[in-house]
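Have a look at model09.cif below; it lists mmCIF, C-alpha atoms.
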```cif
data_final
loop_
_atom_site.label_atom_id
_atom_site.label_comp_id
_atom_site.auth_asym_id
_atom_site.auth_seq_id
_atom_site.Cartn_x
_atom_site.Cartn_y
_atom_site.Cartn_z
CA MET A 67 -34.43 -28.58 0.60
CA ARG A 68 -32.90 -25.09 0.43
CA SER A 69 -34.51 -22.44 -1.70
CA LYS A 70 -32.80 -20.94 -4.72
CA THR A 71 -33.00 -17.51 -3.05
CA LEU A 72 -30.87 -18.72 -0.16
CA ASP A 73 -28.36 -20.31 -2.54
CA PHE A 74 -28.07 -17.05 -4.47
CA ALA A 75 -27.68 -15.01 -1.27
CA ALA A 76 -24.95 -17.34 -0.01
CA LEU A 77 -23.15 -17.10 -3.34
CA ALA A 78 -23.36 -13.30 -3.28
CA VAL A 79 -21.94 -13.15 0.25
CA CYS A 80 -19.08 -15.51 -0.68
CA LEU A 81 -18.20 -13.47 -3.75
CA GLY A 82 -18.31 -10.27 -1.73
CA LEU A 83 -15.92 -11.70 0.85
CA LEU A 84 -13.65 -13.00 -1.89
CA PHE A 85 -13.35 -9.72 -3.82
CA ALA A 86 -13.54 -7.14 -1.00
CA PRO A 87 -9.77 -7.23 -0.29
CA CYS A 88 -9.11 -6.42 -3.95
CA THR A 89 -10.53 -2.92 -3.54
CA ILE A 90 -7.79 -2.09 -1.05
CA LEU A 91 -5.17 -2.88 -3.67
CA VAL A 92 -6.85 -0.57 -6.17
CA HIS A 93 -6.59 2.43 -3.82
CA ALA A 94 -2.89 2.04 -2.96
CA LYS A 95 -1.22 3.90 -5.84
CA SER A 96 2.29 5.01 -6.54
CA VAL A 97 3.14 8.12 -8.58
CA ALA A 98 3.84 6.01 -11.66
CA GLU A 99 0.52 4.18 -11.66
CA SER A 100 -1.85 6.81 -10.28
CA VAL A 101 -1.18 9.63 -12.72
CA VAL A 102 -2.62 8.03 -15.79
CA VAL A 103 -2.04 10.90 -18.19
CA ALA A 104 1.49 11.56 -19.44
CA PRO A 105 3.72 13.92 -17.42
CA ILE A 106 4.04 17.53 -18.54
CA ALA A 107 7.27 19.51 -18.69
CA LEU A 108 7.29 22.71 -16.67
CA GLN A 109 8.00 24.71 -19.82
CA ASP A 110 4.96 23.12 -21.53
CA LEU A 111 2.52 24.36 -18.88
CA PRO A 112 0.42 27.36 -19.87
CA LYS A 113 2.14 30.65 -19.04
CA GLU A 114 -0.18 31.09 -16.04
CA GLY A 115 0.76 27.62 -14.78
CA GLN A 116 4.46 28.43 -14.98
CA GLU A 117 3.82 31.63 -13.03
CA THR A 118 1.86 29.75 -10.35
CA TYR A 119 4.60 27.13 -10.06
CA LEU A 120 7.22 29.86 -9.52
CA LEU A 121 5.02 31.49 -6.86
CA ILE A 122 4.73 28.14 -5.07
CA ARG A 123 8.53 27.86 -4.97
CA GLN A 124 8.78 31.47 -3.70
CA GLY A 125 6.08 31.00 -1.06
CA GLY A 126 3.69 33.52 -2.66
CA PRO A 127 2.13 35.99 -2.69
CA PHE A 128 -0.90 34.24 -4.11
CA ARG A 129 -3.81 35.90 -5.85
CA TYR A 130 -6.59 33.68 -4.51
CA GLU A 131 -7.57 33.24 -0.87
CA LYS A 132 -7.80 29.45 -1.17
CA ASP A 133 -4.32 29.05 -2.63
CA GLY A 134 -2.19 26.89 -0.36
CA VAL A 135 -5.10 25.14 1.35
CA VAL A 136 -4.94 21.41 2.01
CA PHE A 137 -6.02 19.26 -0.92
CA GLY A 138 -7.89 16.18 0.32
CA ASN A 139 -7.27 13.90 -2.70
CA ARG A 140 -10.87 12.65 -2.45
CA GLU A 141 -10.70 11.59 -6.09
CA ARG A 142 -7.82 9.26 -5.13
CA LEU A 143 -6.02 10.00 -8.39
CA LEU A 144 -2.82 11.07 -6.66
CA PRO A 145 -0.63 8.76 -4.58
CA GLN A 146 -1.95 8.22 -1.07
CA ALA A 147 -0.44 10.44 1.60
CA LYS A 148 -1.36 11.65 5.06
CA ARG A 149 -3.78 14.56 5.35
CA GLY A 150 -2.01 17.88 4.85
CA PHE A 151 0.62 16.49 2.47
CA TYR A 152 -1.04 18.00 -0.63
CA ARG A 153 -1.84 21.67 -1.16
CA GLU A 154 -3.67 23.24 -4.09
CA TYR A 155 -3.03 26.43 -6.02
CA THR A 156 -5.11 28.19 -8.66
CA VAL A 157 -3.81 28.57 -12.20
CA LYS A 158 -5.51 31.63 -13.63
CA THR A 159 -7.66 30.98 -16.67
CA PRO A 160 -7.76 33.96 -19.08
CA GLY A 161 -11.27 35.36 -19.40
CA GLU A 162 -12.54 33.45 -16.36
CA LYS A 163 -14.01 35.58 -13.56
CA SER A 164 -13.92 32.82 -10.94
CA ARG A 165 -10.99 30.55 -10.06
CA GLY A 166 -11.73 28.37 -13.08
CA ALA A 167 -10.83 24.68 -13.37
CA ARG A 168 -7.04 24.80 -13.60
CA ARG A 169 -4.94 23.96 -10.54
CA ILE A 170 -1.50 22.86 -9.45
CA VAL A 171 -1.46 20.42 -6.54
CA CYS A 172 1.86 19.92 -4.79
CA GLY A 173 2.82 17.42 -2.14
CA GLY A 174 5.61 17.54 0.38
CA GLU A 175 6.48 18.31 3.97
CA GLU A 176 7.38 21.89 3.11
CA PRO A 177 5.07 23.79 0.71
CA ARG A 178 7.96 25.77 -0.86
CA VAL A 179 9.96 22.58 -1.50
CA PRO A 180 7.41 20.09 -2.85
CA LYS A 181 8.35 16.49 -3.66
CA HIS A 182 5.78 16.25 -6.46
CA CYS A 183 3.57 18.75 -8.27
CA PHE A 184 0.66 17.89 -10.53
CA TYR A 185 -1.29 19.99 -13.03
CA THR A 186 -5.01 19.60 -13.69
CA GLN A 187 -6.90 21.57 -16.29
CA ASP A 188 -10.23 19.87 -15.60
CA HIS A 189 -10.78 20.49 -11.87
CA TYR A 190 -9.28 17.24 -10.53
CA SER A 191 -10.69 14.84 -13.14
CA SER A 192 -7.15 14.11 -14.35
CA PHE A 193 -3.64 15.07 -13.35
CA ARG A 194 -0.27 15.33 -15.08
CA GLU A 195 2.90 15.25 -13.03
CA ILE A 196 5.00 18.35 -13.63
CA VAL A 197 8.57 17.45 -14.54
CA ASN A 198 11.40 19.94 -14.73
CA VAL A 199 13.14 19.14 -18.01
CA PRO A 200 16.38 21.10 -18.65
#
```
How does the structure come out when it is put into structure tokens?
Amino acid sequence: MRSKTLDFAALAVCLGLLFAPCTILVHAKSVAESVVVAPIALQDLPKEGQETYLLIRQGGPFRYEKDGVVFGNRERLLPQAKRGFYREYTVKTPGEKSRGARRIVCGGEEPRVPKHCFYTQDHYSSFREIVNVP
């Protein structure tokens, strides 16, 4: 007669094997489903965000040393892409002495011509895709 502990362990292993592939599906995100918060129009960004966006398109010069560094997307909130696809830029926060929490993260093969840009005001906890509305 098998013990209840063995039955429970076998059940746990079976459930783990059954649901493990589901986690892969959760991590594969498209732009539409990974940016949960509504998009933001370029003109609705804070003034400092609009300035940073224009600097990105001009290729700088940037105020902060870390501007333009590779963004790793460790939070997995942005669509998956190969390493080096995303770059981050600081959006100055008035009254803040450090870099603050606001950033623009852009993705694309060429930093000056990004395919997508996202704004975060809470240091990568959420993102809003920046849309250029005429």
Please write as an MDAnalysis selection string the full residue list that the PyMOL selection byres ((chain A and resi 131) around 12) yields on this file. chainID A and resid 126:130 132:135 154:156 164:165
Report as an MDAnalysis selection string the full result of the PyMOL selection byres ((chain A and resi 105) around 8) when it is applied to this structure. chainID A and resid 103:104 106:107 194:197
Min atom-atom distance to Tyr119 in chain A from the set A:Val136, A:Phe151, A:Val157, A:Gly174, counting all atoms listed in the file, belongs to A:Val157
Using all atoms listed in the file: which of A:His182, A:Gly173, A:Leu120, A:Glu162 has the shortest distance to Lys148 in chain A: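 Selected residue with least distance to Lys148 in chain A: A:Gly173.
From CA of Leu108 in chain A back to CA of Gly166 in chain A, the distance works out to 20.2 Å.
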